[in-house]
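Text of run-v7.tsv, listed as TSV, C-alpha atoms:
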chain	number	residue	atom	x	y	z
A	1	MET	CA	92.36	121.77	113.02
A	2	ILE	CA	92.71	123.51	109.67
A	3	ASP	CA	89.63	125.44	108.56
A	4	LEU	CA	89.68	125.60	104.77
A	5	ARG	CA	87.23	128.52	104.77
A	6	PHE	CA	89.95	130.81	106.10
A	7	ASP	CA	93.00	129.30	104.41
A	8	GLN	CA	93.71	131.13	101.16
A	9	ARG	CA	96.15	128.46	100.01
A	10	PHE	CA	93.19	126.28	99.04
A	11	ASP	CA	90.99	128.85	97.34
A	12	ASN	CA	89.22	127.49	94.26
A	13	ILE	CA	89.70	123.83	95.27
A	14	GLU	CA	86.48	122.05	96.23
A	15	PRO	CA	86.34	118.90	98.40
A	16	PHE	CA	85.72	115.65	96.55
A	17	ASP	CA	82.09	114.56	96.40
A	18	GLU	CA	83.08	110.95	97.11
A	19	LYS	CA	85.94	109.94	99.35
A	20	ILE	CA	89.29	109.13	97.78
A	21	TRP	CA	90.59	106.08	99.63
A	22	LEU	CA	94.13	105.12	100.52
A	23	SER	CA	93.70	101.65	99.01
A	24	SER	CA	90.29	100.02	98.85
A	25	PRO	CA	89.15	96.75	97.24
A	26	THR	CA	88.80	96.76	93.46
A	27	MET	CA	86.35	94.07	92.40
A	28	HIS	CA	85.72	92.82	88.87
A	29	GLY	CA	82.90	90.24	88.83
A	30	GLU	CA	84.76	86.93	88.57
A	31	GLU	CA	84.94	86.95	92.38
A	32	LEU	CA	81.15	86.75	92.57
A	33	LYS	CA	81.09	83.86	90.11
A	34	TYR	CA	83.44	81.81	92.28
A	35	MET	CA	81.52	82.74	95.44
A	36	GLU	CA	78.31	81.55	93.80
A	37	GLU	CA	80.03	78.27	92.89
A	38	ALA	CA	80.92	77.78	96.55
A	39	TYR	CA	77.33	78.57	97.52
A	40	ALA	CA	75.82	76.24	94.91
A	41	SER	CA	78.12	73.37	95.89
A	42	ASN	CA	77.39	74.01	99.60
A	43	TRP	CA	81.16	74.02	100.30
A	44	MET	CA	81.08	77.21	102.37
A	45	SER	CA	83.56	76.36	105.12
A	46	THR	CA	87.25	75.40	105.21
A	47	VAL	CA	87.17	72.68	102.54
A	48	GLY	CA	86.49	73.12	98.84
A	49	ILE	CA	87.81	73.38	95.30
A	50	HIS	CA	88.65	77.10	95.52
A	51	ILE	CA	91.03	76.52	98.43
A	52	ASP	CA	92.84	73.81	96.48
A	53	LYS	CA	92.94	75.96	93.34
A	54	ILE	CA	94.26	79.11	95.00
A	55	GLU	CA	96.99	77.17	96.79
A	56	ARG	CA	98.19	75.66	93.50
A	57	GLN	CA	97.92	78.96	91.62
A	58	LEU	CA	99.86	80.93	94.22
A	59	ALA	CA	102.56	78.26	94.44
A	60	GLU	CA	103.01	78.32	90.67
A	61	TYR	CA	102.97	82.12	90.50
A	62	VAL	CA	105.60	82.62	93.20
A	63	GLY	CA	107.66	79.55	92.39
A	64	VAL	CA	107.39	77.66	95.69
A	65	LYS	CA	106.32	74.07	96.26
A	66	TYR	CA	103.57	74.47	98.86
A	67	VAL	CA	101.02	77.09	99.86
A	68	VAL	CA	98.60	76.84	102.79
A	69	ALA	CA	95.58	79.14	102.54
A	70	LEU	CA	94.72	80.67	105.90
A	71	SER	CA	92.29	83.10	107.50
A	72	SER	CA	94.68	86.07	107.60
A	73	GLY	CA	98.25	87.15	107.01
A	74	THR	CA	98.69	87.29	110.79
A	75	ALA	CA	97.60	83.66	111.11
A	76	ALA	CA	100.13	82.75	108.41
A	77	LEU	CA	102.88	84.62	110.26
A	78	HIS	CA	102.00	82.88	113.51
A	79	LEU	CA	102.24	79.43	111.95
A	80	ALA	CA	105.48	80.40	110.16
A	81	VAL	CA	106.98	81.51	113.48
A	82	ARG	CA	105.82	78.32	115.20
A	83	LEU	CA	107.24	76.16	112.41
A	84	ALA	CA	110.57	77.99	112.58
A	85	GLY	CA	110.70	77.74	116.36
A	86	GLU	CA	110.06	74.00	116.41
A	87	ARG	CA	112.53	73.46	113.58
A	88	LEU	CA	115.22	75.36	115.50
A	89	TYR	CA	114.52	74.35	119.10
A	90	GLY	CA	112.29	71.29	119.02
A	91	THR	CA	108.66	70.75	120.00
A	92	PRO	CA	107.89	72.56	123.26
A	93	GLN	CA	105.70	71.32	126.06
A	94	ALA	CA	102.02	72.20	125.88
A	95	GLY	CA	101.41	75.82	126.83
A	96	ILE	CA	105.01	76.90	126.20
A	97	GLY	CA	105.82	78.85	123.05
A	98	SER	CA	108.25	77.42	120.51
A	99	LEU	CA	110.52	80.47	120.92
A	100	ALA	CA	110.44	80.70	124.71
A	101	GLY	CA	113.68	82.27	125.93
A	102	HIS	CA	115.00	83.09	122.46
A	103	LYS	CA	115.64	86.39	120.69
A	104	VAL	CA	114.41	87.02	117.12
A	105	PHE	CA	115.62	89.78	114.79
A	106	CYS	CA	112.63	91.66	113.33
A	107	SER	CA	112.00	94.55	110.97
A	108	ASP	CA	111.52	97.76	112.93
A	109	MET	CA	109.60	99.71	110.27
A	110	THR	CA	106.46	97.62	109.95
A	111	PHE	CA	102.98	96.89	111.28
A	112	GLY	CA	102.52	95.11	114.61
A	113	ALA	CA	101.24	91.95	112.90
A	114	THR	CA	104.78	91.26	111.62
A	115	VAL	CA	106.26	90.91	115.08
A	116	ASN	CA	103.37	90.00	117.40
A	117	PRO	CA	103.57	86.27	116.49
A	118	VAL	CA	107.07	86.23	117.98
A	119	ALA	CA	105.45	87.22	121.27
A	120	TYR	CA	102.69	84.63	120.75
A	121	GLU	CA	105.42	81.98	120.73
A	122	GLY	CA	107.25	83.38	123.76
A	123	GLY	CA	110.14	84.94	121.84
A	124	GLU	CA	111.78	88.32	122.36
A	125	ALA	CA	111.77	90.59	119.30
A	126	VAL	CA	114.96	92.58	118.67
A	127	PHE	CA	114.27	95.38	116.20
A	128	ILE	CA	116.62	96.08	113.30
A	129	ASP	CA	116.70	99.58	111.83
A	130	SER	CA	115.83	100.46	108.24
A	131	GLU	CA	118.14	101.46	105.43
A	132	ARG	CA	117.55	104.63	103.42
A	133	ASP	CA	117.89	102.89	100.04
A	134	THR	CA	114.63	100.93	100.28
A	135	TRP	CA	113.24	101.77	103.77
A	136	ASN	CA	113.43	98.04	104.52
A	137	MET	CA	115.62	96.30	107.10
A	138	SER	CA	119.25	97.36	106.75
A	139	PRO	CA	121.54	94.44	105.81
A	140	GLU	CA	124.43	96.22	107.54
A	141	ALA	CA	122.44	96.62	110.75
A	142	LEU	CA	121.40	92.96	110.57
A	143	GLU	CA	125.01	91.82	110.19
A	144	TYR	CA	126.01	94.00	113.14
A	145	ALA	CA	123.16	92.50	115.20
A	146	PHE	CA	124.37	88.96	114.47
A	147	ARG	CA	127.87	89.91	115.60
A	148	ARG	CA	126.47	91.21	118.91
A	149	TYR	CA	123.96	88.40	119.52
A	150	ARG	CA	125.51	85.28	118.03
A	151	ASP	CA	122.92	82.85	119.40
A	152	VAL	CA	120.01	84.35	117.39
A	153	LYS	CA	118.78	81.93	114.73
A	154	LEU	CA	115.62	83.55	113.31
A	155	VAL	CA	114.91	86.71	111.30
A	156	VAL	CA	111.43	88.08	110.50
A	157	TYR	CA	111.73	90.46	107.55
A	158	ALA	CA	108.95	92.66	106.12
A	159	HIS	CA	108.84	94.13	102.60
A	160	LEU	CA	107.59	97.69	103.07
A	161	TYR	CA	104.72	99.10	100.97
A	162	GLY	CA	105.27	96.59	98.17
A	163	THR	CA	108.99	97.34	97.71
A	164	PRO	CA	111.30	94.33	98.06
A	165	GLY	CA	114.36	94.70	100.23
A	166	LYS	CA	117.88	93.62	99.30
A	167	MET	CA	117.01	89.99	99.65
A	168	ARG	CA	120.18	88.43	98.28
A	169	GLN	CA	122.20	90.23	100.95
A	170	ILE	CA	119.67	89.40	103.66
A	171	ARG	CA	119.56	85.73	102.64
A	172	LYS	CA	123.36	85.54	102.50
A	173	ILE	CA	123.68	87.04	105.99
A	174	CYS	CA	121.11	84.62	107.42
A	175	ASP	CA	122.82	81.64	105.80
A	176	ALA	CA	126.24	82.74	107.08
A	177	HIS	CA	124.90	82.76	110.65
A	178	GLY	CA	122.82	79.59	110.37
A	179	ALA	CA	119.56	81.52	110.79
A	180	LEU	CA	116.12	80.85	109.32
A	181	LEU	CA	114.34	83.66	107.46
A	182	ILE	CA	110.61	84.39	107.59
A	183	GLU	CA	109.60	86.71	104.77
A	184	ASP	CA	106.60	88.93	105.52
A	185	ALA	CA	105.48	89.68	101.97
A	186	ALA	CA	101.97	90.70	103.06
A	187	GLU	CA	102.27	93.96	101.11
A	188	ALA	CA	104.44	92.65	98.27
A	189	LEU	CA	102.52	90.05	96.24
A	190	GLY	CA	103.68	90.44	92.64
A	191	ALA	CA	106.89	92.30	93.51
A	192	VAL	CA	110.14	90.89	92.14
A	193	TYR	CA	113.79	91.12	93.20
A	194	CYS	CA	116.61	89.88	90.93
A	195	GLY	CA	114.03	88.03	88.84
A	196	ILE	CA	112.65	86.15	91.86
A	197	SER	CA	109.19	86.77	93.28
A	198	ALA	CA	108.78	88.21	96.74
A	199	GLY	CA	107.79	85.28	98.93
A	200	ASN	CA	110.46	82.99	97.44
A	201	PHE	CA	113.48	84.12	99.47
A	202	GLY	CA	112.54	83.01	102.96
A	203	ASP	CA	112.47	79.60	104.57
A	204	TYR	CA	108.85	80.59	105.14
A	205	ALA	CA	106.87	83.45	103.65
A	206	VAL	CA	103.40	84.93	103.99
A	207	PHE	CA	100.93	86.97	101.96
A	208	SER	CA	97.86	88.89	103.09
A	209	PHE	CA	94.53	89.31	101.28
A	210	ASN	CA	93.17	91.94	103.64
A	211	GLY	CA	90.75	94.46	102.14
A	212	ASN	CA	93.41	97.09	101.43
A	213	LYS	CA	96.00	94.82	99.77
A	214	ILE	CA	96.82	94.71	96.06
A	215	ILE	CA	94.37	91.82	95.71
A	216	THR	CA	91.86	90.92	98.38
A	217	GLY	CA	89.61	88.19	99.65
A	218	SER	CA	88.07	90.65	102.12
A	219	SER	CA	90.35	88.76	104.51
A	220	GLY	CA	92.67	85.80	104.23
A	221	GLY	CA	96.34	84.99	104.01
A	222	ALA	CA	98.77	82.36	102.80
A	223	LEU	CA	101.80	80.54	104.18
A	224	LEU	CA	104.51	79.54	101.69
A	225	THR	CA	107.13	76.81	102.17
A	226	ASN	CA	109.20	74.35	100.16
A	227	ILE	CA	108.99	71.68	102.88
A	228	GLU	CA	106.12	69.24	102.46
A	229	GLU	CA	106.08	68.21	106.12
A	230	ASP	CA	105.83	71.83	107.24
A	231	ALA	CA	102.90	72.44	104.90
A	232	ARG	CA	101.21	69.36	106.37
A	233	LYS	CA	101.82	70.61	109.91
A	234	ALA	CA	100.46	74.06	109.09
A	235	ARG	CA	97.26	72.59	107.61
A	236	LYS	CA	96.78	70.42	110.68
A	237	TRP	CA	97.46	73.23	113.16
A	238	SER	CA	95.13	75.56	111.26
A	239	THR	CA	92.21	73.17	111.70
A	240	GLN	CA	92.53	72.77	115.50
A	241	SER	CA	95.15	70.00	115.22
A	242	ARG	CA	92.47	67.37	114.90
A	243	GLU	CA	93.82	63.83	114.66
A	244	GLU	CA	92.51	61.16	112.28
A	245	ALA	CA	89.88	59.65	114.55
A	246	SER	CA	86.10	59.35	114.40
A	247	TRP	CA	85.86	61.66	117.43
A	248	TYR	CA	87.67	64.92	118.08
A	249	GLN	CA	91.13	63.81	119.17
A	250	HIS	CA	93.77	66.47	119.95
A	251	GLU	CA	97.42	65.72	120.68
A	252	GLN	CA	98.75	69.21	119.89
A	253	ILE	CA	97.59	72.79	120.37
A	254	GLY	CA	95.74	73.99	117.27
A	255	TYR	CA	94.03	77.07	115.87
A	256	ASN	CA	91.00	78.03	113.82
A	257	TYR	CA	93.15	79.51	111.03
A	258	ARG	CA	92.04	77.83	107.78
A	259	MET	CA	90.73	79.95	104.89
A	260	SER	CA	87.12	79.35	103.89
A	261	ASN	CA	86.16	78.18	100.41
A	262	VAL	CA	84.16	81.41	99.92
A	263	ILE	CA	87.13	83.65	100.71
A	264	ALA	CA	89.33	81.47	98.49
A	265	GLY	CA	86.85	82.04	95.65
A	266	ILE	CA	87.21	85.80	96.02
A	267	VAL	CA	91.01	85.55	96.05
A	268	ARG	CA	90.89	83.27	93.00
A	269	GLY	CA	88.87	85.86	91.08
A	270	GLN	CA	91.18	88.67	92.21
A	271	LEU	CA	94.36	86.81	91.25
A	272	GLU	CA	93.34	87.02	87.60
A	273	TYR	CA	93.72	90.81	87.87
A	274	LEU	CA	96.95	91.01	89.87
A	275	GLU	CA	99.10	92.19	86.97
A	276	GLU	CA	96.48	94.78	85.98
A	277	HIS	CA	96.42	96.11	89.54
A	278	ILE	CA	100.23	96.34	89.58
A	279	LYS	CA	100.18	98.37	86.34
A	280	GLN	CA	97.56	100.71	87.78
A	281	LYS	CA	99.52	101.17	91.00
A	282	THR	CA	102.70	101.80	89.00
A	283	ARG	CA	101.03	104.58	87.00
A	284	ILE	CA	99.80	106.15	90.24
A	285	TYR	CA	103.36	106.17	91.60
A	286	GLN	CA	104.75	107.66	88.39
A	287	ARG	CA	102.16	110.44	88.34
A	288	TYR	CA	103.01	111.37	91.93
A	289	LYS	CA	106.71	111.36	91.10
A	290	GLU	CA	106.13	113.71	88.17
A	291	GLY	CA	103.52	115.89	89.88
A	292	LEU	CA	105.55	116.43	93.06
A	293	CYS	CA	108.96	116.79	91.41
A	294	ASP	CA	109.18	120.53	92.10
A	295	LEU	CA	108.56	120.07	95.82
A	296	SER	CA	111.19	119.39	98.47
A	297	VAL	CA	110.14	115.73	98.77
A	298	GLU	CA	111.24	112.31	97.58
A	299	MET	CA	109.09	109.31	96.76
A	300	ASN	CA	109.59	105.92	98.42
A	301	PRO	CA	112.77	104.50	96.88
A	302	TRP	CA	113.71	101.07	95.60
A	303	ASP	CA	116.72	99.19	94.22
A	304	VAL	CA	116.21	100.32	90.62
A	305	GLU	CA	118.73	97.89	89.11
A	306	ASN	CA	117.39	94.75	90.75
A	307	SER	CA	113.89	95.41	92.03
A	308	LYS	CA	110.39	95.61	90.59
A	309	PRO	CA	107.97	96.78	93.30
A	310	ASN	CA	104.23	96.26	93.07
A	311	PHE	CA	103.81	99.92	94.18
A	312	TRP	CA	101.02	98.97	96.59
A	313	LEU	CA	101.27	102.36	98.31
A	314	SER	CA	102.90	105.51	96.99
A	315	CYS	CA	104.64	107.37	99.81
A	316	CYS	CA	106.64	110.56	100.08
A	317	LEU	CA	109.31	111.83	102.45
A	318	ILE	CA	109.53	115.57	103.11
A	319	ASN	CA	113.09	116.87	103.00
A	320	ARG	CA	114.39	118.12	106.32
A	321	GLU	CA	114.75	121.72	105.16
A	322	ALA	CA	111.07	121.76	104.16
A	323	MET	CA	109.75	120.42	107.48
A	324	CYS	CA	107.86	122.87	109.68
A	325	GLU	CA	108.09	122.49	113.43
A	326	SER	CA	106.04	119.52	114.58
A	327	VAL	CA	105.78	117.19	117.53
A	328	ARG	CA	103.87	113.99	118.28
A	329	SER	CA	102.77	112.47	121.56
A	330	GLU	CA	101.47	108.91	121.76
A	331	LYS	CA	98.13	109.80	120.13
A	332	GLU	CA	98.19	113.51	119.24
A	333	TYR	CA	100.30	115.97	117.26
A	334	LEU	CA	101.04	119.66	116.94
A	335	PHE	CA	102.65	121.63	114.12
A	336	VAL	CA	103.40	125.26	113.30
A	337	HIS	CA	103.05	126.09	109.63
A	338	VAL	CA	105.46	128.55	108.04
A	339	PHE	CA	105.66	129.69	104.43
A	340	GLY	CA	107.28	127.11	102.15
A	341	LYS	CA	107.25	124.33	104.76
A	342	THR	CA	104.87	121.65	105.95
A	343	CYS	CA	104.84	118.26	107.72
A	344	PRO	CA	103.05	114.93	107.30
A	345	ASP	CA	100.41	115.74	109.90
A	346	GLU	CA	99.48	119.01	108.19
A	347	ILE	CA	99.21	117.36	104.78
A	348	LEU	CA	97.12	114.50	106.18
A	349	GLU	CA	94.86	116.95	108.02
A	350	VAL	CA	94.32	118.97	104.84
A	351	LEU	CA	93.66	115.85	102.76
A	352	LYS	CA	91.07	114.73	105.28
A	353	GLU	CA	89.25	118.06	104.91
A	354	PHE	CA	89.04	117.40	101.17
A	355	HIS	CA	87.65	113.88	101.79
A	356	VAL	CA	90.94	112.17	100.94
A	357	GLU	CA	92.47	109.35	102.98
A	358	GLY	CA	96.19	109.31	103.68
A	359	ARG	CA	98.26	107.78	106.46
A	360	PRO	CA	101.53	108.36	108.33
A	361	LEU	CA	104.30	105.88	107.63
A	362	TRP	CA	104.36	102.95	110.03
A	363	LYS	CA	105.37	103.95	113.53
A	364	PRO	CA	108.54	101.91	114.23
A	365	MET	CA	108.13	98.97	116.53
A	366	HIS	CA	110.82	100.13	118.94
A	367	LEU	CA	108.72	103.27	119.59
A	368	GLN	CA	105.54	101.34	120.31
A	369	PRO	CA	104.66	101.30	124.03
A	370	VAL	CA	104.19	97.53	124.02
A	371	TYR	CA	107.75	96.98	122.70
A	372	ARG	CA	109.56	100.02	124.08
A	373	ASN	CA	111.78	97.98	126.40
A	374	HIS	CA	113.01	95.70	123.62
A	375	LEU	CA	116.45	95.93	122.03
A	376	TYR	CA	116.85	98.12	118.95
A	377	ILE	CA	119.83	97.85	116.61
A	378	THR	CA	120.89	100.79	114.45
A	379	ILE	CA	124.16	101.82	112.82
A	380	ASP	CA	123.15	105.03	111.00
A	381	GLY	CA	121.17	107.06	113.51
A	382	GLU	CA	117.52	106.11	113.91
A	383	VAL	CA	116.53	105.81	110.24
A	384	SER	CA	113.10	104.31	110.90
A	385	THR	CA	112.32	107.07	113.43
A	386	ASP	CA	113.28	109.70	110.88
A	387	LEU	CA	111.10	108.07	108.22
A	388	PHE	CA	108.13	108.05	110.57
A	389	HIS	CA	108.69	111.73	111.43
A	390	ARG	CA	108.96	112.94	107.81
A	391	GLY	CA	106.96	110.46	105.73
A	392	LEU	CA	103.38	109.81	104.71
A	393	CYS	CA	101.38	107.43	102.53
A	394	LEU	CA	99.49	109.14	99.72
A	395	PRO	CA	96.14	107.87	98.41
A	396	SER	CA	96.98	104.98	96.09
A	397	ASP	CA	93.59	103.52	95.25
A	398	ASN	CA	93.71	102.04	91.76
A	399	LYS	CA	90.18	103.27	91.07
A	400	MET	CA	91.36	106.87	91.49
A	401	THR	CA	91.20	108.66	88.12
A	402	GLU	CA	94.06	110.70	86.71
A	403	GLU	CA	91.94	113.84	87.17
A	404	GLN	CA	91.32	112.98	90.82
A	405	GLN	CA	94.99	112.26	91.41
A	406	ASN	CA	96.00	115.56	89.80
A	407	LYS	CA	93.70	117.31	92.25
A	408	VAL	CA	95.31	115.46	95.17
A	409	ILE	CA	98.71	116.51	93.87
A	410	LYS	CA	97.55	120.14	93.70
A	411	ILE	CA	96.34	119.98	97.32
A	412	VAL	CA	99.68	118.56	98.49
A	413	CYS	CA	101.58	121.25	96.58
A	414	ARG	CA	99.50	123.99	98.19
A	415	CYS	CA	100.51	122.72	101.64
A	416	PHE	CA	104.04	123.96	100.92
A	417	GLU	CA	102.85	127.53	100.20
If you convert what's in this file into structure tokens, what do you get?
Amino acid sequence: MIDLRFDQRFDNIEPFDEKIWLSSPTMHGEELKYMEEAYASNWMSTVGIHIDKIERQLAEYVGVKYVVALSSGTAALHLAVRLAGERLYGTPQAGIGSLAGHKVFCSDMTFGATVNPVAYEGGEAVFIDSERDTWNMSPEALEYAFRRYRDVKLVVYAHLYGTPGKMRQIRKICDAHGALLIEDAAEALGAVYCGISAGNFGDYAVFSFNGNKIITGSSGGALLTNIEEDARKARKWSTQSREEASWYQHEQIGYNYRMSNVIAGIVRGQLEYLEEHIKQKTRIYQRYKEGLCDLSVEMNPWDVENSKPNFWLSCCLINREAMCESVRSEKEYLFVHVFGKTCPDEILEVLKEFHVEGRPLWKPMHLQPVYRNHLYITIDGEVSTDLFHRGLCLPSDNKMTEEQQNKVIKIVCRCFE
């Protein structure tokens, strides 16, 4: 552990009195008003006006026909995967997943929630490496994967840290191979690619309203589709697949996945501030880019000509020549600092000592013990592995002041001394 008392690099810098968070909820007051409406009307569970409103508002904002409000982004992904599986392979027998015996191409550089629903439905995830241009799934690697495994008919694609991938290429590749596309836009609400909102490229798409997302309901998620029957199925499945009978009649497996009216009220209040949050996150990214420009680092990239990220998290990648020696086991790390060099673990350790929250980049799925025996497709070395080794997420809380961010930047700069 670094002891700041004996490290002269950080002389004259005091720890923050209050913690600087990576990305915490930013509430405004309208959320409470809608929650009180739910309370006053006594519609506290999974039926109510706020659920109906948020579904219509999200559909209009993104430009899709149907939205189903659910309890989490993971629940939305699970139902999207089940819908895709049944659409591709038919309704399975009870107790057998809709993807049983089938491979699915999945983003490698993502959180486990993106790919776990494939396992829920009995499928086998095949991980596709990232590209350096956006850190998202490489279109070239995806095309190569389809040439090797021609029977694959489903792709689960995640937009990383609020930056859209090259969705026209991805969509074109999927269409050419007769594959469905599930778009994990959990981190990308409000992001745009080629004038089209993230969440409007896939056959199915999902958003998350977890506490750290660009808007939050404290929890919650949404499934997006342009197929009315699929929206109907998702609503039914999410409420335990109850049939229209006076008793509880079940003819299909269901889940307790519906969003509550209270959570929907919070999301409804937050949605009014989405564009404001995006502007705040954009300024945070720009200040990091300017403040760290003299260091041997690069900020998370995007397709400048076609893309408008929501800048949910600002991340940086340390150039190879500026990396000190470092190694990671499954749960621990070691590094050796030398003058002019550092590594993500050192920076994160120092930030923690100053009461600042940061995070490593996502550990690629093909490196996770639970998925280590799965196939991994790469054409340019292991890009996602390299990103994990050299990258970190900087504090991107939109309540962080410019003065506080400048202090964070100073701390990061000192790590290179």
Query raised in the report: By how many Å are CA of Ile215 in chain A and CA of Tyr273 in chain A apart?
Result: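 CA of Tyr273 in chain A lies at a distance of 7.9 Å from CA of Ile215 in chain A.
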Query - Ser130 in chain A surroundings by all atoms listed in the file, 7 Å radius, close-in-sequence under 5 positions cut, as an MDAnalysis selection string - result: chainID A and resid 108:109 135:138 383:384
Residues of range 55-166 of chain A that approach range 176-193 of chain A to 6 Å or less, counting only C-alpha atoms: could you list each one with the shortest pair of atoms and its distance in Å to one decimal, rows by chain and increasing residue number, as JSON lines?
{"residue": "A:Lys153", "atom": "CA", "partner": "A:Ala179", "partner_atom": "CA", "distance": 4.0}
{"residue": "A:Leu154", "atom": "CA", "partner": "A:Leu180", "partner_atom": "CA", "distance": 4.8}
{"residue": "A:Val155", "atom": "CA", "partner": "A:Leu181", "partner_atom": "CA", "distance": 4.9}
{"residue": "A:Val156", "atom": "CA", "partner": "A:Ile182", "partner_atom": "CA", "distance": 4.8}
{"residue": "A:Tyr157", "atom": "CA", "partner": "A:Glu183", "partner_atom": "CA", "distance": 5.1}
{"residue": "A:Ala158", "atom": "CA", "partner": "A:Asp184", "partner_atom": "CA", "distance": 4.4}
{"residue": "A:His159", "atom": "CA", "partner": "A:Ala185", "partner_atom": "CA", "distance": 5.6}
{"residue": "A:Tyr161", "atom": "CA", "partner": "A:Glu187", "partner_atom": "CA", "distance": 5.7}
{"residue": "A:Gly162", "atom": "CA", "partner": "A:Ala188", "partner_atom": "CA", "distance": 4.0}
Query - Shell of 8 Å around Met299 in chain A, only C-alpha atoms, local chain residues under 4 positions omitted, as a PyMOL selection string - result: chain A and resi 289+314-317
Query raised in the report: Of the residues A:Tyr204, A:Trp21, A:Tyr149, A:Phe311, which is the one nearest to Arg359 in chain A, using only C-alpha atoms?
Result: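 Using only C-alpha atoms, the shortest distance to Arg359 in chain A belongs to A:Trp21.
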